[in-house]
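What follows is a set of notes on a single structure, which appears directly below.
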Amino acid sequence: MPEIPPASRPQPRASGLADPALVDVVLPRHLYRVFTYLVPAHLQSLVRIGSRVQVPFGHATLEGMVVKLRSRSDPVLNSKGRSAGSHPIRLREIGAIADDTDNATPQELMTLSRLIAEYYLTPWGQCIRLILPGRPAGKPPARYQLTEAGRDLLGKTEGLNRLSPTCEALLVRLHRRPKGLSIGTLRHGASPSLTTDLSLLKRHKLVLEAAEAIQPSHQRLAVPSGISHHEMGSGVALPFIDQPEDRHPVSTMATAWWNNVLTAIETRRPARFLLQAPQPQRMSAVFEAADLILKQQRRVILITPEISCAEAFATGARTRWGDRVELFHGGLLPALRHERWHRLQSGTIDVVVGTRSAIFAPISSVGLICIDEEENSSLKEETEPRYHARDVAWMRAQLNAAVVLLGSAHPSLETMHVFDPDGCGMPSEPDITDSAVATVSQEDSREIHIVNLRETPYGTVLSDPMIAGMRTALEARAGVILFLNRKGFAPALVCRECGNTPQCPQCSVALTFYKQGGRLACHYCATSRSVPDTCPTCHAPRLQPGGVGTEAVEEWTHRLFPQARIGRMDSATSSNSKQASSVRRQFLAGELDVLIGTQMLCQGEPALCAEFVGLIQADAGLHLPDFRAGEHTYHTLMDAIAMARPARSGGRVVLQTLLPTHYVIQAVVNQDPTLFYKQEFAFRRALAYPPLTHLISLRVSGTGLDRTRQAAAYWVER
Ligand SMILES: [Zn+2]
Ligand SMILES: [Zn+2]
């Protein structure tokens, strides 16, 4: 995790420049450099560092952020980043300040965005998107696009002759931008007749006005529009609130660990702690620590990987702190996000709960950041800037002298590497003390029965011990959960004649067979096609399912237990968190006897619980071409068995596998984490993989082959 040198910590605002004549602005584009603009006289007393300003950029108007105030005499860099020297360049003026001065973006967040740009080798311009409030409420700006008829007309001289020159220029301009241009952008360099020209072109159906596309949500479980997250959250309670007997006072958990947390909070020292415990205990500890921070007049950020968990978390927090709590996550509609951003920024909110983007919540005096389920891969952003909320939390904690609590029942290798270096023979990091890890003794171990699928008849989906376990639980009406991390009916169709499988032409992976929908679909690019009657390679009519997915498990369960009420939860049946939550509630209320699903079962609220849990093929994810495949499988299986009641309460687990001796399977079956961590660290060290090294993916792209090749070779040599 990144350590921040003291020089990067925020400096008090330079007071020498009361009325700056020039400002440096970062723009939300893929740009590494800043741009210098003139400040018109009437804005000079208003502009400050962190102000969001409208600036002309090429033909467009962009909202950027002021990062530096300058006097007239400062040297200005030209477009090549060199000093303009004796050849002054013509500067353009900022158009307007988008916010009043009290609403400027906190300087701490600007510093954070620059640290992220440096750490992840990303243009600063991309990183300021993370800390901007988003679009305000109201109608989104319209975009204008060329219609089919408009494109046709551009090719015909006789048609164009009937248009005015300004209309023709407008069509040519729109033709260059297939995605269209906003009215704000069109106004730059346009003729005074722009509005009349546009309405004329619209009337002739040459140009159409489209509502601006809503920014895609990066949240994996998108929430349907129009649903307030506040409403969805109500009624979902954390398990430990329902069951007071499950409360675990922190003081009895791990005294040395808790004392270290207290000391860090009292002395206001940046520090990280790992809280390795089941979820209810983690929540108790986090809430107790948060209480102490709030008493110091400091603020708290609580982050979980899933929106539904954040909502449940927020509900729990509101019972304690009422209106001082606010939800803030990437699934909010832009207008709502904008409104919440300003509420947080105004200083009335003391506890922010959200998913990974909440790490950029615009609040000051942060004293505690909690990252729950820190091993979850949803905490990593998949698009540029590819930040990890756990690492950004530590950057932000160092800027604020705050405490970071990393919560997990089975921590990531990255975190174990920091907190338990003995496992990989590395020296401790300086801020980590011996008792930074709280491990709660696991009285609630599970009873696990392992079935070697190689000793069962070929093609067995449900083995005899599995069927027996299901029958017992069904007769007792105690709930059956069947887990298989493969959606569809089968992961592939296989030709019995030539052995080939239909593949995705773009991704070169086998297409998943969906029997109920009668389709083949690609997991990566979502390409889908109908099921062919014959093999695409040899044309023999002998395509058959190879392997099993959740649909097949459902079919087998129905065949064996025709009376049972069966539900399925995977991305084909529950495409958003609301649908998934409603299936969870149905199962917990006893309206379903059997619930079959992928890892979606383990993610989200309310958490599932059953007397019997069956793992159909525990090794399903182990062969994926990813150096983290073993770790992902371990985390998923640990979450899956945690859905069974503890053995002392009558819970049972049957685990089917083709690889009963694999270290991941052995660690899960024996419930011995060291079996997993020791072996996995040994592999990572032998192959020089993270967390023992850093791994970056560097793509070189360009329009000229030779030049691109040279650039790639240059990077290889460096
Ligand atoms: Zn074939
Ligand atoms: Zn594909």
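Ordered as shown in the structure tokens, chains take letters A, B, and onward, while each chain numbers its residues from 1 and ligands are numbered from 1 in the order shown.
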
Please list as a PDB file with all heavy atoms, in the first residue's frame every residue within 10 Å of Pro56 of chain A, counting only C-alpha atoms and excluding residues in the same chain fewer than 5 positions away.
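Below is the file that was written, selection34.pdb:
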ATOM      1  N   TYR A  37      -5.510  29.753 -17.626  1.00  0.00           N
ATOM      2  CA  TYR A  37      -6.561  30.639 -18.134  1.00  0.00           C
ATOM      3  C   TYR A  37      -6.466  31.998 -17.466  1.00  0.00           C
ATOM      4  O   TYR A  37      -5.986  32.111 -16.334  1.00  0.00           O
ATOM      5  CB  TYR A  37      -7.953  30.044 -17.863  1.00  0.00           C
ATOM      6  CG  TYR A  37      -8.283  28.881 -18.760  1.00  0.00           C
ATOM      7  CD1 TYR A  37      -7.942  27.588 -18.387  1.00  0.00           C
ATOM      8  CD2 TYR A  37      -8.923  29.080 -19.978  1.00  0.00           C
ATOM      9  CE1 TYR A  37      -8.226  26.508 -19.209  1.00  0.00           C
ATOM     10  CE2 TYR A  37      -9.215  28.009 -20.809  1.00  0.00           C
ATOM     11  CZ  TYR A  37      -8.866  26.731 -20.422  1.00  0.00           C
ATOM     12  OH  TYR A  37      -9.147  25.673 -21.243  1.00  0.00           O
ATOM     13  N   THR A  61     -17.068  23.598 -24.148  1.00  0.00           N
ATOM     14  CA  THR A  61     -16.956  24.203 -22.829  1.00  0.00           C
ATOM     15  C   THR A  61     -16.877  23.065 -21.823  1.00  0.00           C
ATOM     16  O   THR A  61     -17.706  22.155 -21.849  1.00  0.00           O
ATOM     17  CB  THR A  61     -18.188  25.067 -22.522  1.00  0.00           C
ATOM     18  OG1 THR A  61     -18.268  26.080 -23.513  1.00  0.00           O
ATOM     19  CG2 THR A  61     -18.065  25.717 -21.154  1.00  0.00           C
ATOM     20  N   LEU A  62     -15.875  23.092 -20.978  1.00  0.00           N
ATOM     21  CA  LEU A  62     -15.705  22.016 -20.001  1.00  0.00           C
ATOM     22  C   LEU A  62     -15.724  22.594 -18.597  1.00  0.00           C
ATOM     23  O   LEU A  62     -15.408  23.761 -18.393  1.00  0.00           O
ATOM     24  CB  LEU A  62     -14.363  21.309 -20.214  1.00  0.00           C
ATOM     25  CG  LEU A  62     -14.139  20.600 -21.544  1.00  0.00           C
ATOM     26  CD1 LEU A  62     -12.749  19.987 -21.571  1.00  0.00           C
ATOM     27  CD2 LEU A  62     -15.193  19.531 -21.755  1.00  0.00           C
ATOM     28  N   GLU A  63     -16.111  21.725 -17.634  1.00  0.00           N
ATOM     29  CA  GLU A  63     -15.991  22.143 -16.247  1.00  0.00           C
ATOM     30  C   GLU A  63     -14.703  21.556 -15.688  1.00  0.00           C
ATOM     31  O   GLU A  63     -14.534  20.340 -15.651  1.00  0.00           O
ATOM     32  CB  GLU A  63     -17.186  21.659 -15.422  1.00  0.00           C
ATOM     33  CG  GLU A  63     -17.119  22.179 -13.997  1.00  0.00           C
ATOM     34  CD  GLU A  63     -18.319  21.756 -13.157  1.00  0.00           C
ATOM     35  OE1 GLU A  63     -19.439  22.157 -13.502  1.00  0.00           O
ATOM     36  OE2 GLU A  63     -18.120  21.030 -12.173  1.00  0.00           O
ATOM     37  N   GLY A  64     -13.796  22.434 -15.305  1.00  0.00           N
ATOM     38  CA  GLY A  64     -12.528  21.984 -14.750  1.00  0.00           C
ATOM     39  C   GLY A  64     -12.379  22.465 -13.324  1.00  0.00           C
ATOM     40  O   GLY A  64     -13.283  23.079 -12.764  1.00  0.00           O
ATOM     41  N   ARG A  92      -6.965  32.179 -22.936  1.00  0.00           N
ATOM     42  CA  ARG A  92      -8.411  32.388 -22.970  1.00  0.00           C
ATOM     43  C   ARG A  92      -8.903  32.599 -21.542  1.00  0.00           C
ATOM     44  O   ARG A  92      -8.237  32.237 -20.581  1.00  0.00           O
ATOM     45  CB  ARG A  92      -9.083  31.184 -23.623  1.00  0.00           C
ATOM     46  CG  ARG A  92      -8.588  31.003 -25.056  1.00  0.00           C
ATOM     47  CD  ARG A  92      -9.006  29.677 -25.628  1.00  0.00           C
ATOM     48  NE  ARG A  92     -10.374  29.735 -26.162  1.00  0.00           N
ATOM     49  CZ  ARG A  92     -10.951  28.696 -26.775  1.00  0.00           C
ATOM     50  NH1 ARG A  92     -10.312  27.549 -26.905  1.00  0.00           N
ATOM     51  NH2 ARG A  92     -12.174  28.801 -27.240  1.00  0.00           N
ATOM     52  N   GLU A  93     -10.102  33.162 -21.443  1.00  0.00           N
ATOM     53  CA  GLU A  93     -10.638  33.499 -20.123  1.00  0.00           C
ATOM     54  C   GLU A  93     -11.533  32.386 -19.592  1.00  0.00           C
ATOM     55  O   GLU A  93     -12.217  31.714 -20.368  1.00  0.00           O
ATOM     56  CB  GLU A  93     -11.483  34.779 -20.214  1.00  0.00           C
ATOM     57  CG  GLU A  93     -10.668  36.039 -20.315  1.00  0.00           C
ATOM     58  CD  GLU A  93     -11.549  37.273 -20.145  1.00  0.00           C
ATOM     59  OE1 GLU A  93     -12.790  37.132 -20.165  1.00  0.00           O
ATOM     60  OE2 GLU A  93     -10.987  38.365 -19.989  1.00  0.00           O
ATOM     61  N   ILE A  94     -11.566  32.224 -18.271  1.00  0.00           N
ATOM     62  CA  ILE A  94     -12.569  31.319 -17.713  1.00  0.00           C
ATOM     63  C   ILE A  94     -13.933  31.980 -17.882  1.00  0.00           C
ATOM     64  O   ILE A  94     -14.055  33.207 -17.841  1.00  0.00           O
ATOM     65  CB  ILE A  94     -12.306  30.963 -16.227  1.00  0.00           C
ATOM     66  CG1 ILE A  94     -12.321  32.199 -15.316  1.00  0.00           C
ATOM     67  CG2 ILE A  94     -10.998  30.234 -16.071  1.00  0.00           C
ATOM     68  CD1 ILE A  94     -12.210  31.825 -13.845  1.00  0.00           C
ATOM     69  N   GLY A  95     -14.965  31.139 -18.116  1.00  0.00           N
ATOM     70  CA  GLY A  95     -16.285  31.683 -18.415  1.00  0.00           C
ATOM     71  C   GLY A  95     -17.074  31.997 -17.162  1.00  0.00           C
ATOM     72  O   GLY A  95     -17.653  33.072 -17.029  1.00  0.00           O
ATOM     73  N   THR A 185     -21.566  23.118 -26.464  1.00  0.00           N
ATOM     74  CA  THR A 185     -20.416  22.973 -27.342  1.00  0.00           C
ATOM     75  C   THR A 185     -20.691  23.619 -28.697  1.00  0.00           C
ATOM     76  O   THR A 185     -19.830  24.282 -29.273  1.00  0.00           O
ATOM     77  CB  THR A 185     -20.099  21.478 -27.521  1.00  0.00           C
ATOM     78  OG1 THR A 185     -19.992  20.899 -26.228  1.00  0.00           O
ATOM     79  CG2 THR A 185     -18.805  21.275 -28.264  1.00  0.00           C
ATOM     80  N   HIS A 188     -20.088  27.435 -29.308  1.00  0.00           N
ATOM     81  CA  HIS A 188     -18.752  27.988 -29.542  1.00  0.00           C
ATOM     82  C   HIS A 188     -18.451  28.045 -31.019  1.00  0.00           C
ATOM     83  O   HIS A 188     -18.493  27.036 -31.703  1.00  0.00           O
ATOM     84  CB  HIS A 188     -17.694  27.163 -28.816  1.00  0.00           C
ATOM     85  CG  HIS A 188     -17.550  27.601 -27.409  1.00  0.00           C
ATOM     86  ND1 HIS A 188     -16.760  28.654 -27.041  1.00  0.00           N
ATOM     87  CD2 HIS A 188     -18.162  27.168 -26.293  1.00  0.00           C
ATOM     88  CE1 HIS A 188     -16.876  28.839 -25.752  1.00  0.00           C
ATOM     89  NE2 HIS A 188     -17.716  27.951 -25.269  1.00  0.00           N
TER      90      HIS A 188
END

Enumerate as a PyMOL selection string the residues within 12 Å of ligand 1, counting only C-alpha atoms and all ligand atoms. chain A and resi 493-502+532-544

Go through the chains and note each residue within 8 Å of ligand 2, using only C-alpha atoms and all ligand atoms, then give the set as JSON, numbers by chain. {"A": [504, 505, 506, 507, 508, 509, 511, 521, 522, 523, 524, 525, 526, 527]}

Any chance you can output those residues with N, CA, C and O atoms as a compact mmCIF listing (two decimals), in the first residue's frame?
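Dumped to result_1.txt:
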# COMPACT_ATOMS: atom_id res chain seq x y z
N CYS A 504 -17.11 -17.85 -28.74
CA CYS A 504 -17.38 -16.45 -29.06
C CYS A 504 -16.33 -15.99 -30.05
O CYS A 504 -15.13 -16.12 -29.79
N PRO A 505 -16.75 -15.46 -31.22
CA PRO A 505 -15.76 -15.05 -32.23
C PRO A 505 -14.84 -13.94 -31.73
O PRO A 505 -13.69 -13.83 -32.16
N GLN A 506 -15.33 -13.08 -30.79
CA GLN A 506 -14.49 -11.97 -30.33
C GLN A 506 -13.57 -12.37 -29.19
O GLN A 506 -12.44 -11.91 -29.11
N CYS A 507 -14.07 -13.21 -28.27
CA CYS A 507 -13.31 -13.47 -27.05
C CYS A 507 -12.62 -14.83 -27.05
O CYS A 507 -11.84 -15.11 -26.14
N SER A 508 -12.90 -15.68 -28.04
CA SER A 508 -12.29 -17.01 -28.11
C SER A 508 -12.48 -17.82 -26.83
O SER A 508 -11.56 -18.48 -26.36
N VAL A 509 -13.67 -17.73 -26.24
CA VAL A 509 -13.99 -18.60 -25.10
C VAL A 509 -15.27 -19.35 -25.45
O VAL A 509 -16.04 -18.91 -26.31
N LEU A 511 -18.97 -20.59 -25.51
CA LEU A 511 -20.23 -19.91 -25.22
C LEU A 511 -21.02 -20.74 -24.22
O LEU A 511 -21.13 -21.96 -24.35
N ALA A 521 -24.46 -17.82 -25.01
CA ALA A 521 -24.05 -16.44 -24.73
C ALA A 521 -22.62 -16.41 -24.19
O ALA A 521 -22.16 -17.35 -23.54
N CYS A 522 -21.94 -15.29 -24.48
CA CYS A 522 -20.56 -15.11 -24.02
C CYS A 522 -20.57 -14.35 -22.69
O CYS A 522 -21.24 -13.34 -22.56
N HIS A 523 -19.82 -14.84 -21.71
CA HIS A 523 -19.76 -14.20 -20.39
C HIS A 523 -19.04 -12.87 -20.42
O HIS A 523 -19.27 -12.02 -19.59
N TYR A 524 -18.12 -12.73 -21.38
CA TYR A 524 -17.28 -11.54 -21.36
C TYR A 524 -17.93 -10.38 -22.09
O TYR A 524 -18.04 -9.29 -21.57
N CYS A 525 -18.40 -10.62 -23.35
CA CYS A 525 -18.90 -9.49 -24.14
C CYS A 525 -20.41 -9.53 -24.27
O CYS A 525 -20.99 -8.67 -24.92
N ALA A 526 -21.09 -10.53 -23.68
CA ALA A 526 -22.55 -10.63 -23.70
C ALA A 526 -23.13 -10.89 -25.09
O ALA A 526 -24.33 -10.81 -25.28
N THR A 527 -22.28 -11.23 -26.06
CA THR A 527 -22.78 -11.64 -27.37
C THR A 527 -23.66 -12.88 -27.18
O THR A 527 -23.32 -13.75 -26.39

Enumerate the residues of segment 599-636 of chain A with a DSSP assignment of helix (DSSP H, G or I), computed from the backbone, and present them as a ChimeraX atom specification. /A:599-602,629-636

Writer output for current selection, all heavy atoms, as a compact mmCIF listing (two decimals), in the first residue's frame:
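And here is the file that came out, part32.txt:
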# COMPACT_ATOMS: atom_id res chain seq x y z
N GLN A 599 -22.23 -17.03 -6.96
CA GLN A 599 -21.71 -16.29 -5.81
C GLN A 599 -22.59 -15.11 -5.43
O GLN A 599 -22.39 -14.50 -4.39
CB GLN A 599 -20.28 -15.83 -6.06
CG GLN A 599 -20.14 -14.87 -7.22
CD GLN A 599 -18.70 -14.41 -7.38
OE1 GLN A 599 -17.83 -14.80 -6.63
NE2 GLN A 599 -18.45 -13.59 -8.38
N MET A 600 -23.59 -14.79 -6.28
CA MET A 600 -24.56 -13.77 -5.89
C MET A 600 -25.23 -14.11 -4.57
O MET A 600 -25.67 -13.23 -3.84
CB MET A 600 -25.67 -13.66 -6.95
CG MET A 600 -25.35 -12.73 -8.07
SD MET A 600 -26.74 -12.69 -9.21
CE MET A 600 -27.61 -11.31 -8.54
N LEU A 601 -25.33 -15.43 -4.27
CA LEU A 601 -25.94 -15.87 -3.02
C LEU A 601 -25.23 -15.26 -1.82
O LEU A 601 -25.85 -14.92 -0.82
CB LEU A 601 -25.86 -17.40 -2.90
CG LEU A 601 -26.70 -18.26 -3.83
CD1 LEU A 601 -26.28 -19.71 -3.69
CD2 LEU A 601 -28.18 -18.10 -3.51
N CYS A 602 -23.90 -15.14 -1.93
CA CYS A 602 -23.10 -14.74 -0.77
C CYS A 602 -22.97 -13.23 -0.65
O CYS A 602 -22.44 -12.72 0.33
CB CYS A 602 -21.69 -15.32 -0.85
SG CYS A 602 -21.61 -16.99 -1.44
N ALA A 629 -6.91 -16.97 -9.22
CA ALA A 629 -8.02 -17.92 -9.29
C ALA A 629 -8.16 -18.70 -7.98
O ALA A 629 -9.27 -18.89 -7.47
CB ALA A 629 -7.83 -18.88 -10.46
N GLY A 630 -7.03 -19.16 -7.41
CA GLY A 630 -7.09 -19.91 -6.16
C GLY A 630 -7.64 -19.06 -5.03
O GLY A 630 -8.49 -19.51 -4.25
N GLU A 631 -7.18 -17.80 -4.95
CA GLU A 631 -7.64 -16.92 -3.88
C GLU A 631 -9.14 -16.62 -4.02
O GLU A 631 -9.89 -16.67 -3.05
CB GLU A 631 -6.83 -15.62 -3.87
CG GLU A 631 -7.19 -14.75 -2.68
CD GLU A 631 -6.46 -13.41 -2.64
OE1 GLU A 631 -5.60 -13.16 -3.49
OE2 GLU A 631 -6.79 -12.62 -1.74
N HIS A 632 -9.58 -16.31 -5.26
CA HIS A 632 -11.01 -16.03 -5.46
C HIS A 632 -11.85 -17.22 -5.05
O HIS A 632 -12.88 -17.08 -4.39
CB HIS A 632 -11.29 -15.68 -6.93
CG HIS A 632 -10.86 -14.30 -7.29
ND1 HIS A 632 -10.56 -13.92 -8.57
CD2 HIS A 632 -10.66 -13.20 -6.52
CE1 HIS A 632 -10.20 -12.65 -8.58
NE2 HIS A 632 -10.24 -12.19 -7.35
N THR A 633 -11.41 -18.43 -5.46
CA THR A 633 -12.18 -19.62 -5.12
C THR A 633 -12.23 -19.80 -3.60
O THR A 633 -13.29 -20.11 -3.04
CB THR A 633 -11.54 -20.86 -5.78
OG1 THR A 633 -11.44 -20.61 -7.18
CG2 THR A 633 -12.37 -22.10 -5.55
N TYR A 634 -11.10 -19.56 -2.94
CA TYR A 634 -11.07 -19.69 -1.48
C TYR A 634 -12.08 -18.75 -0.82
O TYR A 634 -12.90 -19.17 0.00
CB TYR A 634 -9.66 -19.41 -0.96
CG TYR A 634 -9.55 -19.41 0.54
CD1 TYR A 634 -9.60 -20.60 1.27
CD2 TYR A 634 -9.41 -18.22 1.25
CE1 TYR A 634 -9.52 -20.61 2.65
CE2 TYR A 634 -9.32 -18.22 2.64
CZ TYR A 634 -9.38 -19.41 3.33
OH TYR A 634 -9.30 -19.41 4.70
N HIS A 635 -12.04 -17.46 -1.21
CA HIS A 635 -12.97 -16.49 -0.61
C HIS A 635 -14.42 -16.89 -0.87
O HIS A 635 -15.26 -16.82 0.02
CB HIS A 635 -12.72 -15.09 -1.18
CG HIS A 635 -11.41 -14.48 -0.78
ND1 HIS A 635 -10.95 -14.50 0.52
CD2 HIS A 635 -10.45 -13.84 -1.50
CE1 HIS A 635 -9.76 -13.89 0.57
NE2 HIS A 635 -9.45 -13.49 -0.64
N THR A 636 -14.70 -17.30 -2.12
CA THR A 636 -16.08 -17.64 -2.47
C THR A 636 -16.57 -18.85 -1.67
O THR A 636 -17.69 -18.86 -1.17
CB THR A 636 -16.18 -17.94 -3.98
OG1 THR A 636 -15.45 -16.95 -4.68
CG2 THR A 636 -17.60 -17.92 -4.45

Option closest in space to Gly316 of chain A, from A:Met643, A:Leu482, A:Met283, A:Leu121 [counting only C-alpha atoms]: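 When distances to Gly316 of chain A are compared using only C-alpha atoms, the smallest one comes from A:Met283.
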